[in-house]
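The file target.txt contains compact mmCIF, C-alpha atoms:
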# COMPACT_ATOMS: atom_id res chain seq x y z
CA VAL Y 22 86.39 114.61 87.84
CA LEU Y 23 88.48 117.78 87.93
CA GLN Y 24 90.67 116.82 84.98
CA ASP Y 25 87.59 116.03 82.88
CA ILE Y 26 86.04 119.39 83.70
CA GLN Y 27 89.30 121.19 82.92
CA ARG Y 28 89.62 119.51 79.55
CA HIS Y 29 85.90 119.85 78.71
CA TYR Y 30 85.82 123.61 79.26
CA GLY Y 31 89.46 124.25 78.27
CA VAL Y 32 90.55 126.27 81.32
CA SER Y 33 93.88 126.72 83.12
CA ASP Y 34 94.81 125.59 86.64
CA SER Y 35 93.79 128.94 88.11
CA GLY Y 36 90.54 128.84 86.13
CA ILE Y 37 89.66 125.41 87.48
CA GLY Y 38 90.70 126.47 90.98
CA LEU Y 39 88.16 129.29 90.67
CA LEU Y 40 85.38 126.71 90.97
CA GLN Y 41 86.18 126.01 94.60
CA THR Y 42 86.89 129.65 95.37
CA VAL Y 43 83.47 130.76 94.11
CA PHE Y 44 81.80 127.92 95.98
CA ILE Y 45 83.51 128.83 99.26
CA CYS Y 46 82.96 132.59 98.83
CA SER Y 47 79.20 132.18 98.44
CA PHE Y 48 79.24 129.64 101.26
CA MET Y 49 80.91 132.03 103.70
CA VAL Y 50 78.79 135.04 102.70
CA ALA Y 51 75.58 133.08 103.24
CA ALA Y 52 76.72 131.52 106.54
CA PRO Y 53 76.14 134.61 108.75
CA ILE Y 54 72.65 134.99 107.30
CA PHE Y 55 71.76 131.40 108.15
CA GLY Y 56 73.42 131.83 111.53
CA TYR Y 57 71.12 134.77 112.30
CA LEU Y 58 68.07 132.81 111.13
CA GLY Y 59 69.17 129.69 113.00
CA ASP Y 60 69.23 131.54 116.34
CA ARG Y 61 65.67 132.78 115.83
CA PHE Y 62 63.60 130.40 113.68
CA ASN Y 63 62.98 126.67 113.13
CA ARG Y 64 66.41 125.25 112.39
CA LYS Y 65 65.59 121.93 110.77
CA VAL Y 66 63.27 123.56 108.21
CA ILE Y 67 66.02 126.01 107.21
CA LEU Y 68 68.72 123.39 106.78
CA SER Y 69 66.38 121.01 104.93
CA CYS Y 70 65.44 123.72 102.43
CA GLY Y 71 69.15 124.42 101.93
CA ILE Y 72 69.83 120.75 101.18
CA PHE Y 73 66.95 120.61 98.66
CA PHE Y 74 68.21 123.80 96.97
CA TRP Y 75 71.81 122.65 96.55
CA SER Y 76 70.72 119.20 95.32
CA ILE Y 77 68.59 120.74 92.57
CA VAL Y 78 71.35 123.16 91.54
CA THR Y 79 73.95 120.37 91.43
CA LEU Y 80 71.73 118.29 89.17
CA SER Y 81 71.05 121.27 86.89
CA SER Y 82 74.76 122.08 86.58
CA SER Y 83 75.41 118.73 84.91
CA PHE Y 84 73.50 119.94 81.82
CA ILE Y 85 75.46 123.17 81.24
CA SER Y 86 77.03 123.19 77.77
CA ILE Y 87 80.66 123.82 76.87
CA GLU Y 88 80.08 127.47 75.90
CA TYR Y 89 78.91 128.52 79.35
CA TYR Y 90 81.73 127.86 81.78
CA TRP Y 91 80.81 131.06 83.64
CA LEU Y 92 77.38 129.53 84.29
CA PHE Y 93 79.02 126.37 85.61
CA VAL Y 94 81.10 128.52 87.97
CA LEU Y 95 77.94 130.37 89.04
CA SER Y 96 76.22 127.07 89.81
CA ARG Y 97 79.02 126.22 92.24
CA GLY Y 98 78.29 129.50 94.00
CA LEU Y 99 74.61 128.59 94.35
CA VAL Y 100 75.57 125.19 95.75
CA GLY Y 101 77.64 127.01 98.38
CA ILE Y 102 74.60 129.00 99.50
CA GLY Y 103 72.59 125.83 99.98
CA GLU Y 104 75.35 124.01 101.80
CA SER Y 105 76.02 126.89 104.21
CA SER Y 106 72.52 126.45 105.66
CA TYR Y 107 73.15 123.05 107.21
CA SER Y 108 76.78 123.60 108.20
CA SER Y 109 75.87 126.69 110.25
CA ILE Y 110 72.88 125.16 112.00
CA SER Y 111 73.43 121.41 112.40
CA PRO Y 112 76.09 121.65 115.16
CA THR Y 113 73.77 123.82 117.25
CA ILE Y 114 70.96 121.24 117.10
CA ILE Y 115 73.41 118.56 118.24
CA GLY Y 116 74.66 120.90 120.95
CA ASP Y 117 71.11 121.29 122.28
CA LEU Y 118 70.45 117.56 122.29
CA PHE Y 119 73.55 116.48 124.26
CA ASN Y 120 76.04 117.83 126.80
CA ASN Y 121 79.56 117.23 128.13
CA ASN Y 122 81.21 114.01 126.82
CA SER Y 123 78.03 112.95 125.03
CA ARG Y 124 78.10 116.19 123.10
CA THR Y 125 81.75 115.64 122.14
CA MET Y 126 81.03 112.16 120.83
CA MET Y 127 77.92 113.22 118.90
CA LEU Y 128 79.70 116.18 117.34
CA SER Y 129 82.46 113.75 116.40
CA VAL Y 130 79.92 111.57 114.60
CA PHE Y 131 78.65 114.63 112.76
CA TYR Y 132 82.11 115.84 111.73
CA LEU Y 133 83.10 112.30 110.81
CA ALA Y 134 80.46 112.50 108.10
CA ILE Y 135 82.30 115.36 106.40
CA PRO Y 136 85.56 113.58 105.48
CA LEU Y 137 83.71 110.30 105.09
CA GLY Y 138 81.22 111.91 102.72
CA SER Y 139 84.02 113.70 100.87
CA GLY Y 140 85.92 110.46 100.42
CA LEU Y 141 82.82 108.61 99.27
CA GLY Y 142 82.16 111.52 96.91
CA TYR Y 143 85.50 110.93 95.17
CA ILE Y 144 84.77 107.20 95.00
CA LEU Y 145 81.13 107.43 93.92
CA GLY Y 146 81.73 110.29 91.49
CA SER Y 147 84.63 108.60 89.74
CA SER Y 148 82.77 105.27 89.65
CA ALA Y 149 79.67 106.89 88.16
CA LYS Y 150 81.82 108.59 85.54
CA VAL Y 151 83.50 105.35 84.53
CA ALA Y 152 80.24 103.39 84.48
CA ALA Y 153 78.47 105.97 82.30
CA GLY Y 154 81.51 106.97 80.26
CA ASP Y 155 80.64 110.62 80.94
CA TRP Y 156 81.88 112.83 83.80
CA HIS Y 157 78.53 114.67 83.99
CA TRP Y 158 77.00 111.66 85.76
CA ALA Y 159 79.22 112.35 88.77
CA LEU Y 160 76.96 115.38 89.37
CA ARG Y 161 73.74 113.39 88.94
CA VAL Y 162 74.17 110.86 91.73
CA SER Y 163 74.55 113.00 94.86
CA PRO Y 164 71.36 115.10 94.34
CA ALA Y 165 69.20 112.03 94.93
CA LEU Y 166 71.05 111.36 98.18
CA GLY Y 167 70.68 115.01 99.19
CA ILE Y 168 66.94 115.03 98.66
CA MET Y 169 66.66 111.82 100.67
CA ALA Y 170 68.68 113.36 103.52
CA GLY Y 171 66.59 116.54 103.53
CA THR Y 172 63.38 114.52 103.71
CA LEU Y 173 64.66 112.39 106.60
CA ILE Y 174 65.64 115.53 108.51
CA LEU Y 175 62.17 117.03 108.13
CA LEU Y 176 60.50 113.81 109.27
CA PHE Y 177 62.71 112.56 112.09
CA VAL Y 178 65.12 115.21 113.44
CA PRO Y 179 63.73 116.95 116.58
CA GLU Y 180 63.86 120.71 117.11
CA PRO Y 181 65.24 120.98 120.69
CA LYS Y 182 64.93 124.05 122.88
CA ARG Y 183 67.97 126.28 122.63
CA GLY Y 184 70.32 125.71 125.55
CA ALA Y 185 68.30 122.84 127.02
CA PRO Y 186 71.30 120.74 128.24
CA ASP Y 187 73.19 123.74 129.63
CA GLN Y 188 70.82 125.02 132.29
CA MET Y 189 67.79 124.01 134.34
CA GLY Y 190 65.81 127.19 133.89
CA TYR Y 191 64.50 129.10 130.90
CA ILE Y 192 66.31 131.78 128.96
CA LYS Y 193 64.32 134.95 129.65
CA THR Y 194 66.33 137.45 127.60
CA ARG Y 195 67.66 137.49 124.06
CA THR Y 196 70.56 139.69 123.03
CA SER Y 197 70.64 141.66 119.78
CA TRP Y 198 72.71 140.62 116.79
CA LEU Y 199 75.09 143.55 117.32
CA CYS Y 200 75.54 142.57 120.96
CA ASP Y 201 76.23 138.97 119.90
CA MET Y 202 78.92 140.09 117.48
CA LYS Y 203 80.62 142.32 120.06
CA ALA Y 204 80.66 139.48 122.57
CA LEU Y 205 82.14 137.03 120.06
CA ALA Y 206 84.84 139.51 119.07
CA LYS Y 207 85.89 139.77 122.75
CA ASN Y 208 85.86 135.99 123.24
CA ARG Y 209 89.56 135.10 122.94
CA SER Y 210 89.04 131.34 122.77
CA TYR Y 211 86.51 131.80 119.99
CA VAL Y 212 88.76 134.16 118.02
CA PHE Y 213 91.89 132.01 118.25
CA SER Y 214 90.06 128.74 117.50
CA SER Y 215 88.48 130.43 114.46
CA LEU Y 216 91.89 131.51 113.21
CA ALA Y 217 93.18 127.97 113.77
CA SER Y 218 90.25 126.60 111.78
CA SER Y 219 91.19 129.00 108.99
CA SER Y 220 94.61 127.37 108.74
CA VAL Y 221 93.05 123.91 108.63
CA SER Y 222 90.58 125.02 105.95
CA PHE Y 223 93.37 126.52 103.86
CA ALA Y 224 95.16 123.19 103.73
CA THR Y 225 92.15 120.89 103.35
CA GLY Y 226 90.69 123.09 100.60
CA ALA Y 227 93.92 123.08 98.63
CA PHE Y 228 94.64 119.37 99.18
CA GLY Y 229 91.10 118.27 98.39
CA MET Y 230 91.13 120.20 95.13
CA TRP Y 231 94.63 119.49 93.83
CA ILE Y 232 96.07 116.26 95.28
CA PRO Y 233 94.26 113.92 92.79
CA VAL Y 234 95.48 116.09 89.90
CA TYR Y 235 98.99 116.19 91.38
CA LEU Y 236 99.10 112.41 91.67
CA ALA Y 237 97.86 112.01 88.10
CA ARG Y 238 100.61 114.32 86.81
CA ALA Y 239 103.17 112.36 88.82
CA GLN Y 240 102.16 109.15 87.06
CA VAL Y 241 102.47 110.84 83.67
CA VAL Y 242 106.02 111.90 84.55
CA GLN Y 243 106.82 108.35 85.73
CA LYS Y 244 105.30 107.02 82.47
CA THR Y 245 102.93 104.73 84.37
CA ALA Y 246 99.88 106.54 82.93
CA GLU Y 247 98.99 108.43 79.77
CA PRO Y 248 98.09 112.13 79.73
CA CYS Y 249 94.40 112.88 80.05
CA THR Y 250 94.40 114.50 76.60
CA THR Y 251 94.77 111.10 74.92
CA LYS Y 252 91.65 109.55 76.45
CA GLU Y 253 87.90 109.96 76.10
CA ILE Y 254 87.57 110.25 79.87
CA CYS Y 255 90.39 110.87 82.35
CA SER Y 256 91.59 108.14 84.70
CA SER Y 257 89.77 108.00 88.04
CA THR Y 258 92.26 105.77 89.87
CA ASP Y 259 93.89 108.61 91.80
CA SER Y 260 90.55 110.11 92.82
CA PHE Y 261 89.35 106.69 93.94
CA ILE Y 262 92.46 106.08 96.06
CA PHE Y 263 92.42 109.62 97.46
CA GLY Y 264 88.76 109.16 98.37
CA ALA Y 265 89.54 105.94 100.20
CA ILE Y 266 92.38 107.62 102.09
CA THR Y 267 90.08 110.51 103.04
CA CYS Y 268 87.46 108.09 104.39
CA VAL Y 269 89.98 106.22 106.53
CA THR Y 270 91.88 109.26 107.78
CA GLY Y 271 88.62 111.08 108.51
CA LEU Y 272 87.50 108.17 110.66
CA LEU Y 273 90.85 107.94 112.44
CA GLY Y 274 91.28 111.66 112.94
CA VAL Y 275 87.82 112.40 114.32
CA VAL Y 276 87.66 109.32 116.55
CA ILE Y 277 91.20 109.78 117.90
CA GLY Y 278 90.52 113.45 118.56
CA ALA Y 279 87.30 112.75 120.46
CA VAL Y 280 88.64 109.82 122.49
CA THR Y 281 91.91 111.49 123.49
CA THR Y 282 90.07 114.66 124.47
CA ARG Y 283 87.73 112.63 126.66
CA LEU Y 284 90.70 110.96 128.36
CA CYS Y 285 92.68 114.17 128.74
CA ARG Y 286 89.75 115.91 130.42
CA GLN Y 287 90.31 113.65 133.41
CA LYS Y 288 93.66 115.40 133.95
CA THR Y 289 93.13 118.89 132.54
CA GLU Y 290 90.12 120.92 131.51
CA ARG Y 291 92.24 122.57 128.82
CA ALA Y 292 92.26 119.36 126.76
CA ASP Y 293 90.05 120.55 123.89
CA PRO Y 294 92.20 123.39 122.50
CA LEU Y 295 95.54 121.63 123.10
CA LYS Y 296 94.96 119.31 120.10
CA SER Y 297 97.38 120.67 117.50
CA ILE Y 298 98.19 119.96 113.85
CA ILE Y 299 101.74 118.60 113.69
CA GLY Y 300 103.52 116.58 111.09
CA ALA Y 301 100.99 117.22 108.31
CA TYR Y 302 103.84 117.34 105.75
CA VAL Y 303 104.99 113.76 106.47
CA CYS Y 304 102.49 112.12 104.11
CA ILE Y 305 98.90 112.44 102.95
CA PHE Y 306 97.63 109.76 105.30
CA ILE Y 307 99.23 111.11 108.46
CA GLY Y 308 98.60 114.69 107.40
CA GLU Y 309 94.88 114.21 106.78
CA THR Y 310 94.48 112.24 110.01
CA LEU Y 311 95.96 115.11 112.01
CA LEU Y 312 93.94 117.71 110.13
CA PHE Y 313 90.66 115.91 110.75
CA LEU Y 314 91.56 115.41 114.41
CA ASN Y 315 90.63 119.04 115.15
CA TRP Y 316 87.23 119.36 113.47
CA ALA Y 317 84.88 118.06 116.15
CA ILE Y 318 87.03 119.45 118.95
CA THR Y 319 86.82 122.99 117.54
CA ALA Y 320 83.02 122.78 117.54
CA ASP Y 321 83.12 121.44 121.08
CA ILE Y 322 85.21 124.42 122.22
CA LEU Y 323 82.61 126.77 120.75
CA MET Y 324 79.78 125.05 122.63
CA PHE Y 325 81.58 125.64 125.94
CA VAL Y 326 82.58 129.30 125.48
CA VAL Y 327 79.48 130.66 123.69
CA ILE Y 328 76.01 130.92 125.25
CA PRO Y 329 73.21 128.93 123.51
CA THR Y 330 71.30 131.90 122.09
CA ARG Y 331 74.23 133.00 119.93
CA ARG Y 332 75.73 129.63 118.98
CA ALA Y 333 74.32 129.50 115.44
CA THR Y 334 75.70 133.00 114.85
CA ALA Y 335 79.03 131.92 116.33
CA VAL Y 336 79.22 128.79 114.15
CA ALA Y 337 78.28 130.83 111.09
CA PHE Y 338 80.92 133.50 111.63
CA GLN Y 339 83.54 130.93 112.53
CA SER Y 340 82.71 129.26 109.23
CA PHE Y 341 82.84 132.66 107.50
CA THR Y 342 86.26 133.43 108.96
CA SER Y 343 87.75 130.00 108.33
CA HIS Y 344 86.63 130.04 104.70
CA LEU Y 345 87.53 133.69 104.09
CA LEU Y 346 91.08 133.17 105.35
CA GLY Y 347 91.24 129.50 104.35
CA ASP Y 348 89.80 127.52 101.47
CA ALA Y 349 88.06 130.45 99.77
CA GLY Y 350 91.35 131.44 98.23
CA SER Y 351 93.71 128.50 98.67
CA PRO Y 352 92.58 126.40 95.63
CA TYR Y 353 92.76 129.44 93.34
CA LEU Y 354 96.01 130.65 94.91
CA ILE Y 355 97.65 127.23 94.47
CA GLY Y 356 96.45 127.13 90.86
CA LEU Y 357 97.70 130.67 90.26
CA ILE Y 358 101.16 129.85 91.65
CA SER Y 359 101.25 126.68 89.56
CA ASP Y 360 100.30 128.61 86.41
CA GLY Y 361 102.99 131.19 87.15
CA LEU Y 362 105.67 128.55 87.52
CA GLN Y 363 104.56 126.80 84.32
CA GLN Y 364 104.93 129.83 82.07
CA SER Y 365 108.47 129.06 80.98
CA TYR Y 366 107.91 125.31 80.43
CA ALA Y 367 104.24 125.05 79.56
CA THR Y 368 104.68 121.97 77.34
CA SER Y 369 106.73 119.98 79.86
CA ALA Y 370 104.86 117.24 81.73
CA LEU Y 371 107.61 117.21 84.34
CA TRP Y 372 107.31 120.92 84.98
CA ARG Y 373 103.49 120.72 85.18
CA PHE Y 374 103.98 118.18 87.96
CA LEU Y 375 106.77 120.09 89.74
CA SER Y 376 105.04 123.46 89.56
CA LEU Y 377 101.93 122.14 91.29
CA GLY Y 378 104.08 120.41 93.90
CA TYR Y 379 105.97 123.63 94.63
CA ALA Y 380 102.69 125.51 94.93
CA LEU Y 381 101.32 122.98 97.43
CA MET Y 382 104.38 123.50 99.66
CA LEU Y 383 102.70 126.64 100.95
CA CYS Y 384 100.19 124.55 102.93
CA PRO Y 385 102.50 123.09 105.65
CA PHE Y 386 103.58 126.57 106.72
CA ILE Y 387 99.93 127.62 107.11
CA ILE Y 388 99.21 124.46 109.10
CA VAL Y 389 102.00 125.21 111.59
CA LEU Y 390 100.48 128.65 112.08
CA GLY Y 391 97.17 126.97 112.87
CA GLY Y 392 98.81 124.83 115.54
CA MET Y 393 100.08 128.01 117.21
CA PHE Y 394 96.56 129.45 117.25
CA PHE Y 395 95.22 126.30 118.93
CA LEU Y 396 97.87 126.64 121.62
CA ALA Y 397 96.79 130.25 122.13
CA THR Y 398 93.19 129.03 122.51
CA ALA Y 399 94.28 126.79 125.38
CA LEU Y 400 95.55 129.80 127.33
CA PHE Y 401 92.14 131.48 127.48
CA PHE Y 402 89.74 128.53 127.32
CA LEU Y 403 88.93 128.16 131.04
CA ASP Y 404 88.38 131.88 131.61
CA ASP Y 405 86.07 132.18 128.61
CA ARG Y 406 84.08 129.10 129.61
CA GLU Y 407 83.58 130.52 133.11
CA LYS Y 408 82.38 133.84 131.63
CA ALA Y 409 79.89 132.00 129.41
CA ASP Y 410 78.53 130.03 132.39
CA LYS Y 411 78.07 133.20 134.45
CA GLN Y 412 76.31 135.02 131.63
CA LEU Y 413 74.01 132.06 131.03
CA SER Y 414 73.06 131.90 134.70
CA GLN Y 415 72.21 135.61 134.63
CA MET Y 416 69.99 135.14 131.60
CA THR Y 417 67.96 132.26 133.06
CA ARG Y 418 65.45 131.73 135.80
CA GLN Y 419 64.21 128.56 137.42
CA PRO Y 420 60.96 126.93 136.21
CA SER Y 421 59.28 127.53 139.60
CA THR Y 422 59.50 131.29 139.10
CA VAL Y 423 57.87 131.24 135.68
CA LYS Y 424 54.24 132.42 135.70
Please express the file's structure as structure tokens.
Amino acid sequence: VLQDIQRHYGVSDSGIGLLQTVFICSFMVAAPIFGYLGDRFNRKVILSCGIFFWSIVTLSSSFISIEYYWLFVLSRGLVGIGESSYSSISPTIIGDLFNNNSRTMMLSVFYLAIPLGSGLGYILGSSAKVAAGDWHWALRVSPALGIMAGTLILLFVPEPKRGAPDQMGYIKTRTSWLCDMKALAKNRSYVFSSLASSSVSFATGAFGMWIPVYLARAQVVQKTAEPCTTKEICSSTDSFIFGAITCVTGLLGVVIGAVTTRLCRQKTERADPLKSIIGAYVCIFIGETLLFLNWAITADILMFVVIPTRRATAVAFQSFTSHLLGDAGSPYLIGLISDGLQQSYATSALWRFLSLGYALMLCPFIIVLGGMFFLATALFFLDDREKADKQLSQMTRQPSTVK
């Protein structure tokens, strides 16, 4: 519903791109806080409260009037705080419930839900808008689903012991937050995989925000669709199709990434970080498939090279880094470049289309950089995993010695 929001509040491309930037900025600032809490307190209660909070804020934002665009932007920031709670903590719960190949597959299921949910969000949001004749209803459907999910988590998700699948004894020491941060900064696999994730986030954030708008402008230029300004509500066809593509490519990317990693492990233990992001500029379908291929694998790398007591912190700061260097700024930056290119031909539909296309050309170069960081991760992965195993064994003792 991006075009509807842009027309409703009368903002430029950079102004509309600010929505995602504010959301991601609050998301990444809150992530380290939830990471700290997740390593020390009941995880499922924290993430459930976050889901309830963001669902309520999303519903409330649908009633903000046309004079208060700043308040609408602020509401996106509050949603980011709520969403950061579950994204920082959920992978660590899965990591403590499963190990080895089972962990890889279960993390794949979890990360499959992200592109699948995003794709369904485009489809459901655009369908709700068309059915109600009002774009605000796109923001009134998902809160009910969020509250349902939060309730199911509280009732049925277990709270496993931290590090249960990784060792037979009990963790007898806990490191300080400062010690955790120093250790993560020295973990080369963690640092390089975080930088690689930043490149992926840069591209997915920009594509997710702007591709439906780009396709709509293309159809206006081709005269197969009318400009949004001539209609009561903007066309949702492109968002619907893009959502369907995201669902399919998310499924393909995550499943292919998990299965090939499982097969490659039989020949090399460096299989996880060797998955790279190539050919993303060929087309949206192939590009998204390759981008999603890395999501679950990156989380799997983290589980191997970081000890259990600092995993939530590690996930949180990896999320912080990937958003800070990635999709926190990419939607706004793409919009800013597009606005800059439009200045001379602001009334031209063709130039509105071309300027956004030129701005999006920045993404493939960032993606190639991410592939290089994943290759760097492969160089240090085995050494860092061995260090994590040794440190974990030093921090544990067998049950028979516990009094």
Skipping near chain neighbours, those fewer than 6 positions away, what residues fall within 8 Å of Ile114 (chain Y) using all atoms listed in the file, listed as a ChimeraX atom specification? /Y:64,180-181
Residue with the minimum atom-to-atom distance to Ser106 (chain Y), picked from Y:Phe325, Y:Phe401, Y:Phe48, Y:Tyr90 with all atoms listed in the file counted, is Y:Phe48
| Near region 375-383 of chain Y, counting all atoms listed in the file, which residues have an atom at most 12 Å away, once you skip same-chain residues fewer than 2 positions from it, shown as a ChimeraX atom specification? | /Y:34-35,220,223-239,241-242,301-303,351-367,369-373,385-390
* From Y:Val178, Y:Ile102, Y:Val32, Y:Ile266, residue lying nearest Glu88 (chain Y) [only C-alpha atoms] ->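 Closest to Glu88 (chain Y) of all the choices is Y:Val32.
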Would you mind listing what lies within 8 Å of Ile168 (chain Y) as a PyMOL selection string, with all atoms listed in the file counted and same-chain residues fewer than 3 positions away left out?
-> chain Y and resi 72-73+76+164-165+171-172
If you count all atoms listed in the file, the residue of Y:Ile85, Y:Val336, Y:Cys268, Y:Leu346 closest to Ile110 (chain Y) turns out to be Y:Val336
Open item on the list: From (70.5, 138.6, 109.4), in the file's coordinates, out to 12 Å: which residues are reached, counting only C-alpha atoms? Answer as a list in words.
Closed with: Val50, Ala51, Ala52, Pro53, Ile54, Phe55, Gly56, Tyr57, Leu58, Gly59, Asp60, Arg61, Phe62, Ser197, Trp198, Leu199, Asp201, Met202, Ala333, Thr334, Ala337 and Phe338 of chain Y
Figure out the distance between CA of Lys182 (chain Y) and CA of Leu118 (chain Y), please, to one decimal in Å.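 Calculated distance between CA of Leu118 (chain Y) and CA of Lys182 (chain Y) is 8.5 Å.
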Using all atoms listed in the file, the shortest atom-to-atom distance to Thr79 (chain Y) among Y:Arg332, Y:Arg161, Y:Lys150, Y:Lys65 belongs to Y:Arg161
Check: In Å, with one decimal, what is the gap from CA of Pro329 (chain Y) to CA of Ala399 (chain Y)?
Finding: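 According to the coordinates, CA of Pro329 (chain Y) and CA of Ala399 (chain Y) are separated by 21.3 Å.
Between CA of Lys207 (chain Y) and CA of Cys46 (chain Y) lies a distance of 25.1 Å.
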Using only C-alpha atoms, the shortest atom-to-atom distance to Phe402 (chain Y) among Y:Ser218, Y:Ser210, Y:Ser83, Y:Ser343 belongs to Y:Ser210
- [ ] Could you tell me which of Y:Leu145, Y:Leu323, Y:Val269, Y:Val221 comes closest to Pro112 (chain Y) if we count all atoms listed in the file?
- [x]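 Of Y:Leu145, Y:Leu323, Y:Val269, Y:Val221, the one nearest Pro112 (chain Y), counting all atoms listed in the file, is Y:Leu323.
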Which neighbours of Leu216 (chain Y) fall inside 8 Å, counting all atoms listed in the file, when residues of the same chain fewer than 5 positions from it are skipped, and could you give them as a JSON list (two decimals) with C-alpha atoms, in the coordinates of the input?
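And here is the file that came out, part.json:
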[["chain", "number", "residue", "atom", "x", "y", "z"],
["Y", 342, "THR", "CA", 86.26, 133.43, 108.96],
["Y", 343, "SER", "CA", 87.75, 130.00, 108.33],
["Y", 391, "GLY", "CA", 97.17, 126.97, 112.87],
["Y", 394, "PHE", "CA", 96.56, 129.45, 117.25]]
